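Inspection log for the structure reproduced underneath, given as structure tokens.
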Amino acid sequence: NTDAFWGFHTEMDMAKILLLVEEYDEVLSRLEFLLSQNGYISIELLKIDPFWNPVRDMDKFQEIISNPKYQVNLSDS
């Protein structure tokens, strides 16, 4: 569905804009939402992308990236 694809990207763009204007609580809420969707964002990317440095040390960010439900499981079992 094209709307789902563009909707995901619109949400991601909004999260990035909110980060730039220092609306960190809203950024973290949107990141959590985006991670719960099927899209191109992953906690692995969030961990290494320097763009997210302003929120990296926040407790909520650490909670999000350590949440098992957002982990990528590459095992066969």
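How things are named: the first chain in the structure tokens is A, the next is B, and so on; residues count from 1 in each chain; ligands count from 1 in the order shown.
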
Can you check which parts of region 1-47 of chain A lie within 10 Å of region 53-61 of chain A? Per residue, the shortest pair of atoms and distance in Å to one decimal, counting only C-alpha atoms, sorted by chain and number, as a tab-separated table.
residue	atom	partner	partner_atom	distance
A:Leu19	CA	A:Pro54	CA	7.6
A:Leu20	CA	A:Pro54	CA	9.0
A:Glu22	CA	A:Pro54	CA	8.3
A:Tyr24	CA	A:Val55	CA	6.8
A:Asp25	CA	A:Lys60	CA	8.6
A:Val27	CA	A:Val55	CA	8.6
A:Leu28	CA	A:Phe61	CA	6.5
A:Ser29	CA	A:Lys60	CA	9.1
A:Leu31	CA	A:Phe61	CA	8.8
A:Glu32	CA	A:Phe61	CA	8.9
A:Ile43	CA	A:Phe61	CA	9.9
A:Leu46	CA	A:Arg56	CA	8.7
A:Lys47	CA	A:Arg56	CA	7.9

Give me a file of those residues, with N, CA and C atoms, as a JSON list (two decimals), in the first residue's frame.
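Saved to result.json:
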[["chain", "number", "residue", "atom", "x", "y", "z"],
["A", 19, "LEU", "N", 13.18, 16.39, 16.42],
["A", 19, "LEU", "CA", 14.50, 16.31, 17.04],
["A", 19, "LEU", "C", 15.25, 17.62, 16.85],
["A", 20, "LEU", "N", 15.17, 18.17, 15.65],
["A", 20, "LEU", "CA", 15.88, 19.42, 15.36],
["A", 20, "LEU", "C", 15.35, 20.60, 16.18],
["A", 22, "GLU", "N", 14.12, 20.19, 19.17],
["A", 22, "GLU", "CA", 14.31, 19.77, 20.56],
["A", 22, "GLU", "C", 13.02, 19.38, 21.29],
["A", 24, "TYR", "N", 11.99, 16.51, 22.39],
["A", 24, "TYR", "CA", 12.52, 15.17, 22.59],
["A", 24, "TYR", "C", 11.48, 14.15, 23.05],
["A", 25, "ASP", "N", 10.56, 14.53, 23.90],
["A", 25, "ASP", "CA", 9.53, 13.57, 24.34],
["A", 25, "ASP", "C", 8.70, 13.08, 23.16],
["A", 27, "VAL", "N", 9.67, 13.11, 20.01],
["A", 27, "VAL", "CA", 10.57, 12.31, 19.18],
["A", 27, "VAL", "C", 10.57, 10.86, 19.65],
["A", 28, "LEU", "N", 10.73, 10.67, 20.94],
["A", 28, "LEU", "CA", 10.80, 9.33, 21.49],
["A", 28, "LEU", "C", 9.49, 8.57, 21.33],
["A", 29, "SER", "N", 8.38, 9.27, 21.47],
["A", 29, "SER", "CA", 7.08, 8.63, 21.23],
["A", 29, "SER", "C", 6.95, 8.18, 19.79],
["A", 31, "LEU", "N", 9.41, 7.56, 17.66],
["A", 31, "LEU", "CA", 10.34, 6.48, 17.38],
["A", 31, "LEU", "C", 9.77, 5.15, 17.85],
["A", 32, "GLU", "N", 9.18, 5.17, 19.02],
["A", 32, "GLU", "CA", 8.58, 3.95, 19.55],
["A", 32, "GLU", "C", 7.46, 3.46, 18.62],
["A", 43, "ILE", "N", 16.36, -0.65, 15.71],
["A", 43, "ILE", "CA", 17.14, -0.16, 16.84],
["A", 43, "ILE", "C", 18.63, -0.22, 16.53],
["A", 46, "LEU", "N", 19.29, 3.02, 14.91],
["A", 46, "LEU", "CA", 19.22, 4.09, 15.90],
["A", 46, "LEU", "C", 20.48, 4.14, 16.77],
["A", 47, "LYS", "N", 21.05, 2.98, 17.06],
["A", 47, "LYS", "CA", 22.23, 2.90, 17.91],
["A", 47, "LYS", "C", 23.46, 3.52, 17.24]]

Where does DSSP see alpha helix (DSSP H) in chain A, if you list the residues as an NGL selection string? :A and (2-20 or 24-35 or 43-48 or 53-56 or 59-66)

Under the rule that only C-alpha atoms are counted, which of A:Leu45, A:Met12, A:Ile17, A:Val72 is the nearest residue to Arg30 (chain A)?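 Closest residue, counting only C-alpha atoms: A:Met12.
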
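If you measure from each of A:Phe8, A:Lys16, A:Glu26, A:Gly39 to Trp52 (chain A) using only C-alpha atoms, the closest one turns out to be A:Lys16.
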
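Put simply, CA of Ile41 (chain A) is 11.9 Å away from CA of Asp13 (chain A).
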
Provide the CA of Glu44 (chain A) to CA of Gln71 (chain A) distance in Å, to one decimal place. 8.2 Å
